[in-house]
$ cat work-v4.cif   # mmCIF, C-alpha atoms
data_work
#
loop_
_atom_site.label_atom_id
_atom_site.label_comp_id
_atom_site.auth_asym_id
_atom_site.auth_seq_id
_atom_site.Cartn_x
_atom_site.Cartn_y
_atom_site.Cartn_z
CA MET U 1 0.00 0.00 0.00
CA LYS U 2 1.00 3.61 -0.57
CA PHE U 3 -0.56 5.84 2.06
CA VAL U 4 -0.68 9.61 1.62
CA THR U 5 -1.97 12.70 3.35
CA TYR U 6 -3.64 15.19 1.06
CA GLU U 7 -5.69 18.36 1.16
CA GLY U 8 -9.43 17.74 1.04
CA THR U 9 -12.34 20.13 0.87
CA ALA U 10 -12.13 23.41 2.78
CA GLY U 11 -8.38 22.89 3.19
CA ALA U 12 -8.69 20.08 5.73
CA SER U 13 -6.12 17.30 5.51
CA ARG U 14 -7.27 13.79 4.68
CA VAL U 15 -5.60 10.38 4.72
CA GLY U 16 -5.74 8.39 1.55
CA VAL U 17 -4.30 5.48 -0.37
CA LEU U 18 -2.61 5.91 -3.73
CA SER U 19 -3.44 3.32 -6.36
CA GLU U 20 -2.90 3.37 -10.14
CA GLY U 21 -2.67 7.13 -10.36
CA SER U 22 -5.63 7.97 -8.11
CA VAL U 23 -5.99 8.91 -4.45
CA TYR U 24 -8.80 7.32 -2.43
CA GLU U 25 -9.86 8.73 0.92
CA LEU U 26 -9.63 6.39 3.92
CA ALA U 27 -12.79 6.99 5.90
CA GLY U 28 -12.47 6.61 9.64
CA PHE U 29 -8.80 7.56 9.90
CA ALA U 30 -8.12 11.07 11.19
CA ASN U 31 -4.46 11.16 10.25
CA MET U 32 -1.46 9.01 9.36
CA GLN U 33 -0.78 8.23 13.01
CA ALA U 34 -4.19 6.50 13.11
CA VAL U 35 -3.23 4.42 10.06
CA ILE U 36 0.07 3.41 11.67
CA ALA U 37 -1.77 2.46 14.88
CA GLU U 38 -4.17 0.08 13.05
CA PRO U 39 -2.38 -1.12 9.90
CA ALA U 40 -4.56 -4.20 9.28
CA LYS U 41 -7.75 -2.17 9.51
CA ALA U 42 -6.27 0.54 7.29
CA GLU U 43 -5.26 -1.99 4.64
CA ALA U 44 -8.71 -3.63 4.66
CA THR U 45 -10.40 -0.23 4.40
CA ALA U 46 -8.07 0.75 1.57
CA LYS U 47 -8.86 -2.37 -0.45
CA THR U 48 -12.61 -1.85 -0.04
CA THR U 49 -12.30 1.84 -0.94
CA ILE U 50 -10.23 1.19 -4.06
CA ALA U 51 -12.69 -1.49 -5.20
CA GLY U 52 -15.52 1.02 -4.84
CA GLY U 53 -13.88 3.48 -7.20
CA ASN U 54 -14.41 7.27 -7.17
CA GLY U 55 -10.80 8.17 -6.58
CA THR U 56 -9.29 11.58 -7.28
CA PRO U 57 -6.60 11.69 -9.99
CA GLU U 58 -3.24 12.11 -8.30
CA ALA U 59 -2.47 15.18 -10.41
CA GLN U 60 -5.56 16.88 -8.96
CA ALA U 61 -4.90 15.94 -5.35
CA LYS U 62 -2.67 18.28 -3.34
CA VAL U 63 -0.47 15.74 -1.58
CA LEU U 64 1.05 16.90 1.71
CA ALA U 65 3.81 15.50 3.89
CA PRO U 66 2.52 12.07 4.98
CA ILE U 67 3.18 12.95 8.65
CA ALA U 68 3.03 16.68 9.27
CA ARG U 69 4.72 16.54 12.66
CA PRO U 70 6.55 13.25 13.29
CA PRO U 71 7.22 12.55 16.97
CA ARG U 72 10.97 12.57 16.25
CA ILE U 73 13.17 12.75 13.17
CA PHE U 74 16.38 10.78 13.69
CA CYS U 75 18.98 11.35 10.99
CA ILE U 76 22.10 9.34 10.32
CA GLY U 77 25.21 11.19 9.25
CA LEU U 78 28.11 9.79 7.21
CA ASN U 79 26.33 6.51 6.50
CA TYR U 80 27.81 6.01 3.03
CA ALA U 81 31.61 5.71 3.00
CA SER U 82 31.87 7.75 -0.21
CA HIS U 83 29.90 10.62 1.37
CA ALA U 84 32.11 10.55 4.47
CA ASP U 85 35.16 10.74 2.19
CA GLU U 86 33.86 13.73 0.23
CA SER U 87 32.92 15.47 3.49
CA GLN U 88 36.41 14.78 4.86
CA MET U 89 34.90 13.29 8.00
CA LYS U 90 35.64 10.03 9.77
CA VAL U 91 33.02 7.27 9.97
CA GLN U 92 32.46 6.44 13.63
CA ALA U 93 32.30 2.99 15.24
CA VAL U 94 28.63 3.60 15.99
CA PRO U 95 26.00 5.48 13.93
CA THR U 96 26.29 9.26 13.91
CA VAL U 97 22.79 10.30 14.98
CA PHE U 98 21.44 13.85 14.96
CA MET U 99 17.94 15.29 15.06
CA LYS U 100 15.90 17.49 12.76
CA LEU U 101 13.09 19.51 14.30
CA ALA U 102 9.58 18.50 13.24
CA SER U 103 8.83 22.16 12.47
CA SER U 104 11.15 21.83 9.44
CA VAL U 105 8.88 19.31 7.68
CA THR U 106 7.27 20.24 4.39
CA GLY U 107 5.57 18.18 1.71
CA PRO U 108 6.13 17.39 -1.95
CA ASP U 109 5.78 20.13 -4.56
CA THR U 110 6.32 22.87 -1.99
CA ASP U 111 9.03 25.51 -1.94
CA VAL U 112 12.17 24.99 0.11
CA ILE U 113 13.01 28.42 1.49
CA LEU U 114 16.71 29.24 1.30
CA PRO U 115 17.31 31.44 4.37
CA TYR U 116 18.95 34.81 3.85
CA ASN U 117 21.34 34.15 6.75
CA SER U 118 22.96 31.13 5.09
CA THR U 119 25.18 31.18 2.01
CA GLN U 120 25.68 27.40 1.77
CA PRO U 121 22.32 25.59 1.42
CA ASP U 122 22.78 21.97 0.36
CA TYR U 123 20.68 18.93 -0.63
CA GLU U 124 20.76 15.30 0.59
CA ALA U 125 18.68 12.45 -0.87
CA GLU U 126 17.77 9.88 1.78
CA LEU U 127 15.68 6.75 2.28
CA ALA U 128 13.62 7.09 5.46
CA VAL U 129 12.04 4.45 7.69
CA VAL U 130 8.69 5.05 9.40
CA ILE U 131 8.43 3.30 12.77
CA ALA U 132 5.35 1.13 13.31
CA LYS U 133 5.11 0.82 17.09
CA PRO U 134 6.85 1.72 20.35
CA GLY U 135 9.95 -0.25 21.17
CA TYR U 136 12.81 -0.07 23.64
CA ARG U 137 16.06 -2.00 23.24
CA VAL U 138 14.86 -3.75 20.10
CA LYS U 139 17.07 -6.56 18.83
CA ALA U 140 18.39 -6.21 15.29
CA ALA U 141 16.82 -9.58 14.41
CA ASP U 142 13.38 -8.15 15.22
CA TRP U 143 13.72 -4.96 13.18
CA GLN U 144 10.96 -5.69 10.67
CA GLU U 145 8.33 -5.80 13.42
CA TYR U 146 9.04 -2.11 14.05
CA VAL U 147 8.91 -0.88 10.45
CA PHE U 148 5.62 0.44 9.10
CA GLY U 149 7.03 1.55 5.79
CA TYR U 150 9.41 3.74 3.83
CA THR U 151 9.40 7.26 2.44
CA ILE U 152 11.80 9.88 1.08
CA VAL U 153 13.56 12.69 2.94
CA ASN U 154 15.54 15.56 1.47
CA ASP U 155 17.84 16.52 4.33
CA ILE U 156 18.37 20.15 3.37
CA SER U 157 21.35 21.57 5.24
CA ALA U 158 22.73 25.07 5.77
CA ARG U 159 26.37 23.96 5.82
CA ASP U 160 27.77 27.20 7.20
CA ILE U 161 25.36 27.04 10.15
CA GLN U 162 25.65 23.26 10.56
CA LEU U 163 29.46 23.19 10.65
CA ALA U 164 29.94 26.33 12.72
CA THR U 165 29.69 24.06 15.79
CA THR U 166 29.75 20.33 16.50
CA GLN U 167 25.95 20.33 16.89
CA TRP U 168 24.12 19.92 13.58
CA THR U 169 20.43 20.20 14.52
CA LEU U 170 19.78 23.90 14.01
CA GLY U 171 21.68 24.09 10.74
CA LYS U 172 19.36 21.41 9.40
CA SER U 173 16.08 22.64 10.88
CA PHE U 174 15.18 25.91 9.17
CA PRO U 175 11.51 25.99 8.07
CA THR U 176 10.95 23.73 5.01
CA PHE U 177 14.36 22.02 5.42
CA THR U 178 12.82 18.54 5.64
CA PRO U 179 10.81 17.74 2.51
CA LEU U 180 9.07 14.43 3.23
CA GLY U 181 6.97 12.11 1.10
CA PRO U 182 5.09 11.90 -1.09
CA ALA U 183 3.81 8.55 0.23
CA ILE U 184 4.62 6.02 2.90
CA VAL U 185 5.11 2.72 1.08
CA THR U 186 4.31 -0.17 3.41
CA LYS U 187 7.13 -2.59 4.13
CA ASP U 188 5.49 -5.50 2.30
CA GLU U 189 6.01 -3.66 -1.01
CA ILE U 190 9.77 -3.33 -0.54
CA ALA U 191 11.44 -6.73 -0.69
CA ASP U 192 14.83 -5.41 0.40
CA PRO U 193 15.32 -1.79 1.51
CA HIS U 194 19.08 -2.35 1.17
CA ALA U 195 18.96 -2.82 -2.61
CA LEU U 196 17.28 0.36 -3.90
CA ASP U 197 18.60 2.80 -6.45
CA ILE U 198 18.62 6.36 -5.07
CA SER U 199 19.28 9.56 -7.01
CA LEU U 200 18.87 13.33 -6.90
CA THR U 201 18.74 15.79 -9.76
CA VAL U 202 18.74 19.58 -9.69
CA ASP U 203 17.17 21.14 -12.79
CA GLY U 204 17.64 17.84 -14.58
CA GLU U 205 21.34 17.40 -13.73
CA THR U 206 22.10 14.22 -11.81
CA LEU U 207 24.14 15.12 -8.73
CA GLN U 208 23.62 12.00 -6.62
CA SER U 209 23.28 8.43 -7.87
CA SER U 210 23.86 5.36 -5.71
CA ASN U 211 22.17 2.36 -4.13
CA THR U 212 21.14 1.69 -0.54
CA LYS U 213 23.29 -1.46 -0.59
CA HIS U 214 26.16 0.92 0.22
CA LEU U 215 24.72 1.93 3.60
CA ILE U 216 27.33 1.38 6.32
CA PHE U 217 24.88 0.92 9.19
CA LYS U 218 21.83 -0.83 7.81
CA ILE U 219 18.28 -0.50 9.11
CA PRO U 220 18.41 -3.39 11.63
CA GLN U 221 21.52 -1.87 13.20
CA LEU U 222 20.01 1.62 13.26
CA ILE U 223 16.83 0.44 14.97
CA GLU U 224 18.79 -1.58 17.51
CA TYR U 225 21.21 1.25 18.26
CA ILE U 226 18.72 4.10 18.56
CA SER U 227 16.24 2.05 20.59
CA SER U 228 19.04 1.00 22.96
CA LEU U 229 19.27 4.63 24.03
CA THR U 230 15.73 5.97 23.75
CA PRO U 231 12.39 4.20 23.24
CA LEU U 232 11.08 4.40 19.68
CA GLU U 233 7.61 5.83 19.12
CA ALA U 234 5.07 5.02 16.42
CA GLY U 235 5.51 7.52 13.60
CA ASP U 236 9.16 8.27 14.32
CA ILE U 237 11.25 8.82 11.21
CA ILE U 238 14.75 7.40 10.79
CA SER U 239 16.42 8.99 7.78
CA THR U 240 19.22 6.62 6.85
CA GLY U 241 21.80 8.99 5.36
CA THR U 242 22.85 10.32 1.99
CA PRO U 243 25.27 9.05 -0.67
CA GLU U 244 28.06 11.02 -2.31
CA GLY U 245 27.45 13.98 -4.58
CA VAL U 246 26.28 16.66 -2.13
CA GLY U 247 27.23 20.26 -2.82
CA LEU U 248 29.64 20.35 0.12
CA GLY U 249 31.82 17.64 -1.39
CA ARG U 250 32.03 18.98 -4.94
CA THR U 251 34.88 20.92 -6.52
CA PRO U 252 33.92 23.69 -6.78
CA GLN U 253 31.30 23.43 -4.06
CA ARG U 254 27.77 23.59 -5.41
CA TRP U 255 25.13 25.32 -3.28
CA LEU U 256 21.40 25.49 -3.94
CA ARG U 257 20.21 28.62 -5.70
CA ASP U 258 16.90 30.38 -6.13
CA ASN U 259 14.29 28.75 -8.38
CA GLU U 260 15.86 25.32 -8.84
CA GLU U 261 13.92 22.05 -8.90
CA MET U 262 15.21 19.14 -6.84
CA VAL U 263 13.93 15.66 -7.65
CA ILE U 264 14.76 12.62 -5.51
CA ARG U 265 13.93 9.18 -6.86
CA ILE U 266 14.14 5.99 -4.82
CA GLU U 267 13.35 2.69 -6.48
CA GLY U 268 9.97 1.35 -5.34
CA VAL U 269 9.36 4.29 -3.01
CA GLY U 270 8.63 7.11 -5.40
CA GLU U 271 9.66 10.59 -6.43
CA LEU U 272 9.91 13.70 -4.25
CA ARG U 273 9.94 17.08 -6.01
CA ASN U 274 10.58 20.50 -4.48
CA LYS U 275 11.65 23.89 -5.80
CA THR U 276 13.88 26.37 -4.04
CA ARG U 277 12.98 29.96 -3.24
CA ALA U 278 15.40 32.49 -1.82
CA GLU U 279 14.19 34.28 1.29
CA LYS U 280 14.27 38.06 1.09
CA GLN U 281 15.64 39.89 4.12
CA ALA U 282 13.05 42.20 5.66
#

$ encode --input "work-v4.cif" --output "structure tokens"
Amino acid sequence: MKFVTYEGTAGASRVGVLSEGSVYELAGFANMQAVIAEPAKAEATAKTTIAGGNGTPEAQAKVLAPIARPPRIFCIGLNYASHADESQMKVQAVPTVFMKLASSVTGPDTDVILPYNSTQPDYEAELAVVIAKPGYRVKAADWQEYVFGYTIVNDISARDIQLATTQWTLGKSFPTFTPLGPAIVTKDEIADPHALDISLTVDGETLQSSNTKHLIFKIPQLIEYISSLTPLEAGDIISTGTPEGVGLGRTPQRWLRDNEEMVIRIEGVGELRNKTRAEKQA
């Protein structure tokens, strides 16, 4: 299943299922958290709804971030060796975990605002895991029980702010710095999340192209490690890291500019599109 959140009548958000180019509303589910809480019921409702027809063409549905305010957004830094090399940073013995604030989340086809007080805005294509249920000290062997599905994150980063200190959160949490979506693809549709092509283009130029098989710390290890320190919550996002090709690592360095279109594609998960817009100083 591909679950989405979209704008319904009078601007209210609705939960739906995406099937063959149409979005079907899931009656009885207030938001994506409700779908995650009752996945079997959501899937049964989705099948009945799709069979009944009367979907809205995807092109006419304003799709939003699937979870507007995730409980937590855990991000993994330096999780592809090639990206660590280009960043001139050492891969640690344990995952490098940092947070992005939920207030930075935006949806597909929305503008990413490039803040006037940063001169080094950057892009990062990432596969993200959506947590299915609470869990503390989860064993790596049990990881699939805690995965609801997968989505896409663009980990936008203001490098000058991020690298001014050893703490990365604020430099990665400006408003709109976490494009998320467009759908959450349930885990049963992804046979192996560690064998997916991942790419990012800016205005049609391919700047990142890799495969999730190159992840250093894979999803079972990430779930085990994070949950060994803090209990996971349903709806948490774990963004697994970005491959090489970011603006920071290029020669010359390549920063995002006004009115550019970023497109992230992950095999089996979908396509996340966002344009940039430079913020004007008041």

$ closest_residue --input "work-v4.cif" --among "U:Trp255, U:Trp168, U:Tyr136, U:Tyr150" --to "Glu224 of chain U" --atoms "only C-alpha atoms"
U:Tyr136

$ resolve_selection --input "work-v4.cif" --expression "the PyMOL selection byres ((chain U and resi 124-134) around 8)" --output "ChimeraX atom specification"
/U:36-37,122-123,135-136,145-157,184,198-200,208,212,231-243,246,264,266

$ residues_around --input "work-v4.cif" --residues "segment 62-75 of chain U" --least-positions-apart "4" --cutoff "6 Å" --atoms "all atoms listed in the file" --output "list in words"
Val4, Thr5, Tyr6, Glu7, Val97, Phe98, Met99, Lys100, Ala102, Thr106, Gly107, Leu180, Gly181, Gly235, Asp236, Ile237, Ile238 and Ser239 of chain U

$ atom_distance --input "work-v4.cif" --atom1 "atom CA of Gly204 of chain U" --atom2 "atom CA of Asn274 of chain U"
12.6 Å

$ closest_residue --input "work-v4.cif" --among "U:Thr178, U:Gln221, U:Thr96, U:Ser228" --to "Thr166 of chain U" --atoms "all atoms listed in the file"
U:Thr96

$ residues_around --input "work-v4.cif" --residues "Thr119 of chain U" --least-positions-apart "4" --cutoff "9 Å" --atoms "all atoms listed in the file" --output "count of residues only"
6

$ closest_residue --input "work-v4.cif" --among "U:Asp203, U:Asp197, U:Glu244, U:Glu279" --to "Arg265 of chain U" --atoms "all atoms listed in the file"
U:Asp197

$ closest_residue --input "work-v4.cif" --among "U:Met1, U:Ala30, U:Ala51, U:Ile223" --to "Val138 of chain U" --atoms "all atoms listed in the file"
U:Ile223

$ resolve_selection --input "work-v4.cif" --expression "the PyMOL selection byres ((chain U and resi 176) around 8)" --output "number ranges by chain"
U: 103-106, 111-113, 173-175, 177-179

$ write_last_selection --input "work-v4.cif" --atoms "C-alpha atoms" --output "PDB file, keeping the file's coordinate frame"
ATOM      1  CA  SER U 103       8.830  22.160  12.470  1.00  0.00           C
ATOM      2  CA  SER U 104      11.150  21.830   9.440  1.00  0.00           C
ATOM      3  CA  VAL U 105       8.880  19.310   7.680  1.00  0.00           C
ATOM      4  CA  THR U 106       7.270  20.240   4.390  1.00  0.00           C
ATOM      5  CA  ASP U 111       9.030  25.510  -1.940  1.00  0.00           C
ATOM      6  CA  VAL U 112      12.170  24.990   0.110  1.00  0.00           C
ATOM      7  CA  ILE U 113      13.010  28.420   1.490  1.00  0.00           C
ATOM      8  CA  SER U 173      16.080  22.640  10.880  1.00  0.00           C
ATOM      9  CA  PHE U 174      15.180  25.910   9.170  1.00  0.00           C
ATOM     10  CA  PRO U 175      11.510  25.990   8.070  1.00  0.00           C
ATOM     11  CA  PHE U 177      14.360  22.020   5.420  1.00  0.00           C
ATOM     12  CA  THR U 178      12.820  18.540   5.640  1.00  0.00           C
ATOM     13  CA  PRO U 179      10.810  17.740   2.510  1.00  0.00           C
TER      14      PRO U 179
END

$ closest_residue --input "work-v4.cif" --among "U:Lys280, U:Arg257, U:Arg137, U:Arg273" --to "Thr230 of chain U" --atoms "all atoms listed in the file"
U:Arg137

$ resolve_selection --input "work-v4.cif" --expression "the PyMOL selection byres ((chain U and resi 259) around 8)" --output "list in words"
Arg257, Asp258, Glu260, Glu261, Lys275, Thr276, Arg277 and Ala278 of chain U

$ atom_distance --input "work-v4.cif" --atom1 "atom CA of Glu58 of chain U" --atom2 "atom CA of Gly8 of chain U"
12.5 Å

$ atom_distance --input "work-v4.cif" --atom1 "atom CA of Pro193 of chain U" --atom2 "atom CA of Glu25 of chain U"
27.3 Å

$ residues_near_point --input "work-v4.cif" --point "(-1.1, 1.8, 5.7)" --cutoff "9 Å" --atoms "only C-alpha atoms" --output "list in words"
Met1, Lys2, Phe3, Val4, Val17, Met32, Val35, Ile36, Glu38, Pro39, Ala40, Lys41, Ala42, Glu43, Ala46, Phe148, Gly149, Ile184, Val185 and Thr186 of chain U

$ closest_residue --input "work-v4.cif" --among "U:Asn31, U:Thr169, U:Gln88, U:Ser19" --to "Ile76 of chain U" --atoms "all atoms listed in the file"
U:Thr169

$ residues_near_point --input "work-v4.cif" --point "(17.7, -4.4, -0.9)" --cutoff "12 Å" --atoms "all atoms listed in the file" --output "number ranges by chain"
U: 127, 187, 189-198, 211-215, 218-219, 266-268

$ decode --input "work-v4.cif" --residues "segment 16-111 of chain U" --atoms "C-alpha atoms" --output "PDB file, in the first residue's frame"
ATOM      1  CA  GLY U  16      -5.738   8.389   1.549  1.00  0.00           C
ATOM      2  CA  VAL U  17      -4.299   5.475  -0.368  1.00  0.00           C
ATOM      3  CA  LEU U  18      -2.605   5.910  -3.734  1.00  0.00           C
ATOM      4  CA  SER U  19      -3.440   3.321  -6.363  1.00  0.00           C
ATOM      5  CA  GLU U  20      -2.898   3.365 -10.138  1.00  0.00           C
ATOM      6  CA  GLY U  21      -2.668   7.130 -10.357  1.00  0.00           C
ATOM      7  CA  SER U  22      -5.628   7.969  -8.112  1.00  0.00           C
ATOM      8  CA  VAL U  23      -5.986   8.910  -4.455  1.00  0.00           C
ATOM      9  CA  TYR U  24      -8.797   7.315  -2.434  1.00  0.00           C
ATOM     10  CA  GLU U  25      -9.855   8.728   0.919  1.00  0.00           C
ATOM     11  CA  LEU U  26      -9.629   6.392   3.917  1.00  0.00           C
ATOM     12  CA  ALA U  27     -12.795   6.987   5.899  1.00  0.00           C
ATOM     13  CA  GLY U  28     -12.472   6.612   9.641  1.00  0.00           C
ATOM     14  CA  PHE U  29      -8.805   7.564   9.904  1.00  0.00           C
ATOM     15  CA  ALA U  30      -8.124  11.066  11.193  1.00  0.00           C
ATOM     16  CA  ASN U  31      -4.456  11.162  10.250  1.00  0.00           C
ATOM     17  CA  MET U  32      -1.463   9.008   9.360  1.00  0.00           C
ATOM     18  CA  GLN U  33      -0.783   8.228  13.010  1.00  0.00           C
ATOM     19  CA  ALA U  34      -4.191   6.500  13.112  1.00  0.00           C
ATOM     20  CA  VAL U  35      -3.232   4.420  10.059  1.00  0.00           C
ATOM     21  CA  ILE U  36       0.066   3.414  11.675  1.00  0.00           C
ATOM     22  CA  ALA U  37      -1.775   2.461  14.878  1.00  0.00           C
ATOM     23  CA  GLU U  38      -4.167   0.076  13.047  1.00  0.00           C
ATOM     24  CA  PRO U  39      -2.380  -1.115   9.896  1.00  0.00           C
ATOM     25  CA  ALA U  40      -4.557  -4.197   9.278  1.00  0.00           C
ATOM     26  CA  LYS U  41      -7.752  -2.168   9.514  1.00  0.00           C
ATOM     27  CA  ALA U  42      -6.275   0.543   7.286  1.00  0.00           C
ATOM     28  CA  GLU U  43      -5.263  -1.986   4.642  1.00  0.00           C
ATOM     29  CA  ALA U  44      -8.714  -3.626   4.655  1.00  0.00           C
ATOM     30  CA  THR U  45     -10.399  -0.228   4.396  1.00  0.00           C
ATOM     31  CA  ALA U  46      -8.068   0.748   1.575  1.00  0.00           C
ATOM     32  CA  LYS U  47      -8.858  -2.372  -0.451  1.00  0.00           C
ATOM     33  CA  THR U  48     -12.608  -1.846  -0.038  1.00  0.00           C
ATOM     34  CA  THR U  49     -12.304   1.836  -0.938  1.00  0.00           C
ATOM     35  CA  ILE U  50     -10.233   1.187  -4.056  1.00  0.00           C
ATOM     36  CA  ALA U  51     -12.692  -1.490  -5.195  1.00  0.00           C
ATOM     37  CA  GLY U  52     -15.519   1.022  -4.836  1.00  0.00           C
ATOM     38  CA  GLY U  53     -13.881   3.479  -7.203  1.00  0.00           C
ATOM     39  CA  ASN U  54     -14.413   7.273  -7.171  1.00  0.00           C
ATOM     40  CA  GLY U  55     -10.796   8.168  -6.577  1.00  0.00           C
ATOM     41  CA  THR U  56      -9.289  11.576  -7.275  1.00  0.00           C
ATOM     42  CA  PRO U  57      -6.603  11.691  -9.987  1.00  0.00           C
ATOM     43  CA  GLU U  58      -3.236  12.111  -8.300  1.00  0.00           C
ATOM     44  CA  ALA U  59      -2.467  15.179 -10.413  1.00  0.00           C
ATOM     45  CA  GLN U  60      -5.557  16.882  -8.963  1.00  0.00           C
ATOM     46  CA  ALA U  61      -4.902  15.942  -5.348  1.00  0.00           C
ATOM     47  CA  LYS U  62      -2.673  18.279  -3.345  1.00  0.00           C
ATOM     48  CA  VAL U  63      -0.467  15.744  -1.584  1.00  0.00           C
ATOM     49  CA  LEU U  64       1.046  16.904   1.711  1.00  0.00           C
ATOM     50  CA  ALA U  65       3.812  15.502   3.893  1.00  0.00           C
ATOM     51  CA  PRO U  66       2.520  12.074   4.981  1.00  0.00           C
ATOM     52  CA  ILE U  67       3.178  12.945   8.649  1.00  0.00           C
ATOM     53  CA  ALA U  68       3.031  16.684   9.268  1.00  0.00           C
ATOM     54  CA  ARG U  69       4.717  16.536  12.657  1.00  0.00           C
ATOM     55  CA  PRO U  70       6.548  13.247  13.285  1.00  0.00           C
ATOM     56  CA  PRO U  71       7.222  12.545  16.967  1.00  0.00           C
ATOM     57  CA  ARG U  72      10.967  12.567  16.252  1.00  0.00           C
ATOM     58  CA  ILE U  73      13.167  12.746  13.168  1.00  0.00           C
ATOM     59  CA  PHE U  74      16.377  10.782  13.686  1.00  0.00           C
ATOM     60  CA  CYS U  75      18.979  11.351  10.990  1.00  0.00           C
ATOM     61  CA  ILE U  76      22.105   9.337  10.318  1.00  0.00           C
ATOM     62  CA  GLY U  77      25.209  11.188   9.246  1.00  0.00           C
ATOM     63  CA  LEU U  78      28.111   9.794   7.213  1.00  0.00           C
ATOM     64  CA  ASN U  79      26.328   6.506   6.500  1.00  0.00           C
ATOM     65  CA  TYR U  80      27.809   6.011   3.029  1.00  0.00           C
ATOM     66  CA  ALA U  81      31.607   5.707   2.996  1.00  0.00           C
ATOM     67  CA  SER U  82      31.871   7.749  -0.206  1.00  0.00           C
ATOM     68  CA  HIS U  83      29.905  10.624   1.373  1.00  0.00           C
ATOM     69  CA  ALA U  84      32.105  10.546   4.471  1.00  0.00           C
ATOM     70  CA  ASP U  85      35.158  10.738   2.191  1.00  0.00           C
ATOM     71  CA  GLU U  86      33.862  13.726   0.229  1.00  0.00           C
ATOM     72  CA  SER U  87      32.923  15.472   3.494  1.00  0.00           C
ATOM     73  CA  GLN U  88      36.415  14.775   4.864  1.00  0.00           C
ATOM     74  CA  MET U  89      34.901  13.289   8.002  1.00  0.00           C
ATOM     75  CA  LYS U  90      35.644  10.027   9.772  1.00  0.00           C
ATOM     76  CA  VAL U  91      33.018   7.270   9.975  1.00  0.00           C
ATOM     77  CA  GLN U  92      32.459   6.439  13.629  1.00  0.00           C
ATOM     78  CA  ALA U  93      32.300   2.995  15.239  1.00  0.00           C
ATOM     79  CA  VAL U  94      28.625   3.596  15.995  1.00  0.00           C
ATOM     80  CA  PRO U  95      25.999   5.476  13.929  1.00  0.00           C
ATOM     81  CA  THR U  96      26.293   9.259  13.909  1.00  0.00           C
ATOM     82  CA  VAL U  97      22.791  10.303  14.981  1.00  0.00           C
ATOM     83  CA  PHE U  98      21.436  13.846  14.965  1.00  0.00           C
ATOM     84  CA  MET U  99      17.936  15.290  15.059  1.00  0.00           C
ATOM     85  CA  LYS U 100      15.900  17.489  12.758  1.00  0.00           C
ATOM     86  CA  LEU U 101      13.090  19.513  14.301  1.00  0.00           C
ATOM     87  CA  ALA U 102       9.581  18.502  13.236  1.00  0.00           C
ATOM     88  CA  SER U 103       8.834  22.159  12.470  1.00  0.00           C
ATOM     89  CA  SER U 104      11.151  21.830   9.443  1.00  0.00           C
ATOM     90  CA  VAL U 105       8.878  19.306   7.682  1.00  0.00           C
ATOM     91  CA  THR U 106       7.272  20.239   4.391  1.00  0.00           C
ATOM     92  CA  GLY U 107       5.567  18.180   1.710  1.00  0.00           C
ATOM     93  CA  PRO U 108       6.134  17.392  -1.954  1.00  0.00           C
ATOM     94  CA  ASP U 109       5.784  20.133  -4.563  1.00  0.00           C
ATOM     95  CA  THR U 110       6.318  22.873  -1.993  1.00  0.00           C
ATOM     96  CA  ASP U 111       9.035  25.510  -1.944  1.00  0.00           C
TER      97      ASP U 111
END
